[in-house]
$ cat structure31.pdb   # PDB, C-alpha atoms
ATOM      1  CA  MET A 623      33.385  -1.798 -41.852  1.00  0.00           C
ATOM      2  CA  ARG A 624      30.154  -3.068 -43.397  1.00  0.00           C
ATOM      3  CA  MET A 625      29.982  -5.870 -40.825  1.00  0.00           C
ATOM      4  CA  LEU A 626      30.327  -3.361 -37.991  1.00  0.00           C
ATOM      5  CA  ARG A 627      27.601  -1.178 -39.514  1.00  0.00           C
ATOM      6  CA  ASN A 628      25.287  -4.204 -39.751  1.00  0.00           C
ATOM      7  CA  LEU A 629      26.040  -5.148 -36.163  1.00  0.00           C
ATOM      8  CA  ILE A 630      25.263  -1.631 -34.936  1.00  0.00           C
ATOM      9  CA  ARG A 631      22.066  -1.616 -36.994  1.00  0.00           C
ATOM     10  CA  SER A 632      21.059  -4.965 -35.429  1.00  0.00           C
ATOM     11  CA  PHE A 633      21.565  -3.553 -31.943  1.00  0.00           C
ATOM     12  CA  GLY A 634      19.453  -0.565 -32.926  1.00  0.00           C
ATOM     13  CA  TYR A 635      16.605  -2.803 -34.059  1.00  0.00           C
ATOM     14  CA  ALA A 636      16.824  -4.775 -30.834  1.00  0.00           C
ATOM     15  CA  LEU A 637      16.690  -1.591 -28.773  1.00  0.00           C
ATOM     16  CA  GLU A 638      13.661  -0.473 -30.788  1.00  0.00           C
ATOM     17  CA  GLY A 639      11.962  -3.704 -29.742  1.00  0.00           C
ATOM     18  CA  VAL A 640      12.803  -3.141 -26.092  1.00  0.00           C
ATOM     19  CA  PHE A 641      11.580   0.457 -26.203  1.00  0.00           C
ATOM     20  CA  TYR A 642       8.435  -0.577 -28.073  1.00  0.00           C
ATOM     21  CA  THR A 643       7.659  -3.116 -25.370  1.00  0.00           C
ATOM     22  CA  LEU A 644       8.320  -0.636 -22.569  1.00  0.00           C
ATOM     23  CA  GLY A 645       6.372   2.085 -24.342  1.00  0.00           C
ATOM     24  CA  THR A 646       3.289   0.004 -25.086  1.00  0.00           C
ATOM     25  CA  GLN A 647       3.059  -2.572 -22.312  1.00  0.00           C
ATOM     26  CA  ARG A 648       2.019  -1.400 -18.868  1.00  0.00           C
ATOM     27  CA  ASN A 649       3.059  -4.719 -17.320  1.00  0.00           C
ATOM     28  CA  ALA A 650       6.575  -4.330 -18.714  1.00  0.00           C
ATOM     29  CA  ARG A 651       6.883  -0.947 -17.029  1.00  0.00           C
ATOM     30  CA  ILE A 652       5.605  -2.438 -13.760  1.00  0.00           C
ATOM     31  CA  GLU A 653       8.152  -5.252 -14.067  1.00  0.00           C
ATOM     32  CA  VAL A 654      10.964  -2.735 -14.582  1.00  0.00           C
ATOM     33  CA  VAL A 655       9.899  -0.822 -11.469  1.00  0.00           C
ATOM     34  CA  ILE A 656       9.788  -4.059  -9.459  1.00  0.00           C
ATOM     35  CA  GLY A 657      13.221  -5.017 -10.831  1.00  0.00           C
ATOM     36  CA  ILE A 658      14.646  -1.664  -9.785  1.00  0.00           C
ATOM     37  CA  ALA A 659      13.094  -2.028  -6.325  1.00  0.00           C
ATOM     38  CA  VAL A 660      14.607  -5.500  -5.966  1.00  0.00           C
ATOM     39  CA  ALA A 661      18.015  -4.139  -7.006  1.00  0.00           C
ATOM     40  CA  ILE A 662      17.767  -1.325  -4.454  1.00  0.00           C
ATOM     41  CA  VAL A 663      16.832  -3.741  -1.668  1.00  0.00           C
ATOM     42  CA  ALA A 664      19.596  -6.153  -2.729  1.00  0.00           C
ATOM     43  CA  GLY A 665      22.109  -3.297  -2.600  1.00  0.00           C
ATOM     44  CA  TRP A 666      20.857  -2.218   0.812  1.00  0.00           C
ATOM     45  CA  LEU A 667      21.170  -5.787   2.082  1.00  0.00           C
ATOM     46  CA  ARG A 668      24.613  -6.195   0.479  1.00  0.00           C
ATOM     47  CA  VAL A 669      23.817  -9.543  -1.093  1.00  0.00           C
ATOM     48  CA  SER A 670      26.667 -11.669  -2.403  1.00  0.00           C
ATOM     49  CA  ARG A 671      27.892 -11.599  -6.003  1.00  0.00           C
ATOM     50  CA  GLY A 672      26.267 -14.956  -6.640  1.00  0.00           C
ATOM     51  CA  GLU A 673      22.939 -13.716  -5.306  1.00  0.00           C
ATOM     52  CA  TRP A 674      23.255 -10.579  -7.457  1.00  0.00           C
ATOM     53  CA  ALA A 675      23.821 -12.750 -10.499  1.00  0.00           C
ATOM     54  CA  ILE A 676      20.746 -14.838  -9.748  1.00  0.00           C
ATOM     55  CA  LEU A 677      18.594 -11.765  -9.108  1.00  0.00           C
ATOM     56  CA  LEU A 678      19.745 -10.000 -12.277  1.00  0.00           C
ATOM     57  CA  LEU A 679      19.218 -13.093 -14.419  1.00  0.00           C
ATOM     58  CA  THR A 680      15.771 -13.540 -12.898  1.00  0.00           C
ATOM     59  CA  ILE A 681      14.811  -9.917 -13.602  1.00  0.00           C
ATOM     60  CA  ALA A 682      16.100 -10.331 -17.155  1.00  0.00           C
ATOM     61  CA  ALA A 683      14.084 -13.532 -17.576  1.00  0.00           C
ATOM     62  CA  VAL A 684      10.854 -11.755 -16.627  1.00  0.00           C
ATOM     63  CA  LEU A 685      11.541  -8.853 -18.999  1.00  0.00           C
ATOM     64  CA  THR A 686      12.535 -11.264 -21.762  1.00  0.00           C
ATOM     65  CA  ALA A 687       9.327 -13.247 -21.318  1.00  0.00           C
ATOM     66  CA  GLU A 688       7.312 -10.016 -21.454  1.00  0.00           C
ATOM     67  CA  THR A 689       9.095  -8.991 -24.656  1.00  0.00           C
ATOM     68  CA  PHE A 690       8.413 -12.392 -26.237  1.00  0.00           C
ATOM     69  CA  ASN A 691       4.791 -12.117 -25.118  1.00  0.00           C
ATOM     70  CA  THR A 692       4.493  -8.722 -26.800  1.00  0.00           C
ATOM     71  CA  SER A 693       6.045 -10.129 -29.964  1.00  0.00           C
ATOM     72  CA  ILE A 694       3.686 -13.098 -30.028  1.00  0.00           C
ATOM     73  CA  GLU A 695       0.638 -10.917 -29.387  1.00  0.00           C
ATOM     74  CA  ARG A 696       1.557  -8.563 -32.240  1.00  0.00           C
ATOM     75  CA  MET A 697       2.238 -11.435 -34.625  1.00  0.00           C
ATOM     76  CA  VAL A 698      -1.078 -13.085 -33.758  1.00  0.00           C
ATOM     77  CA  ASP A 699      -2.884  -9.774 -34.295  1.00  0.00           C
ATOM     78  CA  LEU A 700      -1.224  -9.463 -37.703  1.00  0.00           C
ATOM     79  CA  LEU A 701      -1.921 -13.023 -38.820  1.00  0.00           C
ATOM     80  CA  SER A 702      -5.371 -13.355 -37.317  1.00  0.00           C
ATOM     81  CA  PRO A 703      -7.219 -10.027 -37.232  1.00  0.00           C
ATOM     82  CA  ASP A 704     -10.510 -11.845 -36.633  1.00  0.00           C
ATOM     83  CA  ARG A 705     -11.282 -13.437 -33.283  1.00  0.00           C
ATOM     84  CA  ARG A 706     -10.353 -17.101 -33.363  1.00  0.00           C
ATOM     85  CA  ASP A 707      -9.886 -19.653 -30.618  1.00  0.00           C
ATOM     86  CA  GLU A 708      -6.394 -20.514 -31.896  1.00  0.00           C
ATOM     87  CA  ALA A 709      -5.320 -16.879 -31.711  1.00  0.00           C
ATOM     88  CA  LYS A 710      -6.702 -16.568 -28.184  1.00  0.00           C
ATOM     89  CA  HIS A 711      -4.897 -19.728 -27.084  1.00  0.00           C
ATOM     90  CA  ALA A 712      -1.592 -18.497 -28.520  1.00  0.00           C
ATOM     91  CA  LYS A 713      -1.922 -15.181 -26.689  1.00  0.00           C
ATOM     92  CA  ASP A 714      -3.024 -16.869 -23.467  1.00  0.00           C
ATOM     93  CA  ALA A 715      -0.108 -19.300 -23.595  1.00  0.00           C
ATOM     94  CA  ALA A 716       2.372 -16.450 -24.094  1.00  0.00           C
ATOM     95  CA  ALA A 717       0.842 -14.563 -21.173  1.00  0.00           C
ATOM     96  CA  GLY A 718       0.976 -17.767 -19.143  1.00  0.00           C
ATOM     97  CA  ALA A 719       4.711 -17.997 -19.760  1.00  0.00           C
ATOM     98  CA  VAL A 720       5.127 -14.515 -18.302  1.00  0.00           C
ATOM     99  CA  LEU A 721       3.029 -15.535 -15.300  1.00  0.00           C
ATOM    100  CA  ILE A 722       5.120 -18.665 -14.693  1.00  0.00           C
ATOM    101  CA  VAL A 723       8.453 -16.828 -14.822  1.00  0.00           C
ATOM    102  CA  SER A 724       7.055 -13.972 -12.704  1.00  0.00           C
ATOM    103  CA  ILE A 725       5.944 -16.374  -9.970  1.00  0.00           C
ATOM    104  CA  ALA A 726       9.341 -18.071 -10.090  1.00  0.00           C
ATOM    105  CA  ALA A 727      11.018 -14.642  -9.874  1.00  0.00           C
ATOM    106  CA  ALA A 728       8.979 -13.750  -6.797  1.00  0.00           C
ATOM    107  CA  VAL A 729      10.036 -17.020  -5.147  1.00  0.00           C
ATOM    108  CA  VAL A 730      13.690 -16.370  -6.026  1.00  0.00           C
ATOM    109  CA  GLY A 731      13.384 -12.872  -4.576  1.00  0.00           C
ATOM    110  CA  PHE A 732      11.868 -14.139  -1.347  1.00  0.00           C
ATOM    111  CA  VAL A 733      14.464 -16.919  -0.999  1.00  0.00           C
ATOM    112  CA  ILE A 734      17.392 -14.543  -1.534  1.00  0.00           C
ATOM    113  CA  LEU A 735      16.112 -11.340   0.054  1.00  0.00           C
ATOM    114  CA  GLY A 736      13.597 -12.627   2.588  1.00  0.00           C
ATOM    115  CA  PRO A 737      15.854 -13.881   5.386  1.00  0.00           C
ATOM    116  CA  ALA A 738      18.230 -10.914   5.265  1.00  0.00           C
ATOM    117  CA  LEU A 739      15.336  -8.463   5.047  1.00  0.00           C
ATOM    118  CA  TRP A 740      13.635 -10.132   8.000  1.00  0.00           C
ATOM    119  CA  ARG A 741      16.833  -9.834  10.090  1.00  0.00           C
ATOM    120  CA  ARG A 742      17.242  -6.172   9.147  1.00  0.00           C
ATOM    121  CA  LEU A 743      13.671  -5.187   9.913  1.00  0.00           C
ATOM    122  CA  PHE A 744      12.939  -7.294  12.971  1.00  0.00           C
TER     123      PHE A 744
END

$ encode --input "structure31.pdb" --output "structure tokens"
Amino acid sequence: MRMLRNLIRSFGYALEGVFYTLGTQRNARIEVVIGIAVAIVAGWLRVSRGEWAILLLTIAAVLTAETFNTSIERMVDLLSPDRRDEAKHAKDAAAGAVLIVSIAAAVVGFVILGPALWRRLF
């Protein structure tokens, strides 16, 4: 019973982290809206199960990167309240990771949705 209680508590802490990120990070909210839009378009286009899996994993990767970025930024703020080049570089690198995965996600979206969307619209 204690193990189950600890597991439930762990899930609660994880959800707090997700909600903190969504509640404090504008870009995370934008990424969720884009993810929902992609899911709606994918449903409209009736993409295959494999394509759904790739799209969902890609959306999750972007949101995961944003959550890690938030975590890194908060930790840097805690450990280095003064402006330092090292702190800036850590934050910039974390933001760069989000940028890289976001660009990759856009490419994945265009590769999967682009041709079918083009056929539907034109």

$ closest_residue --input "structure31.pdb" --among "A:Leu637, A:Ala715, A:Ala728, A:Ala683" --to "A:Glu695" --atoms "only C-alpha atoms"
A:Ala715

$ atom_distance --input "structure31.pdb" --atom1 "atom CA of A:Leu685" --atom2 "atom CA of A:Arg668"
23.6 Å

$ closest_residue --input "structure31.pdb" --among "A:Phe744, A:Leu721, A:Lys713, A:Thr680" --to "A:Arg696" --atoms "all atoms listed in the file"
A:Lys713

$ atom_distance --input "structure31.pdb" --atom1 "atom CA of A:Ala726" --atom2 "atom CA of A:Thr689"
17.2 Å

$ atom_distance --input "structure31.pdb" --atom1 "atom CA of A:Asp707" --atom2 "atom CA of A:Val684"
26.2 Å

$ closest_residue --input "structure31.pdb" --among "A:Thr692, A:Ile676, A:Arg631, A:Ala687" --to "A:Gly645" --atoms "all atoms listed in the file"
A:Thr692

$ residues_around --input "structure31.pdb" --residues "A:Ala709" --least-positions-apart "5" --cutoff "10 Å" --atoms "all atoms listed in the file" --output "PyMOL selection string"
chain A and resi 694-695+697-699+701-704+714-715
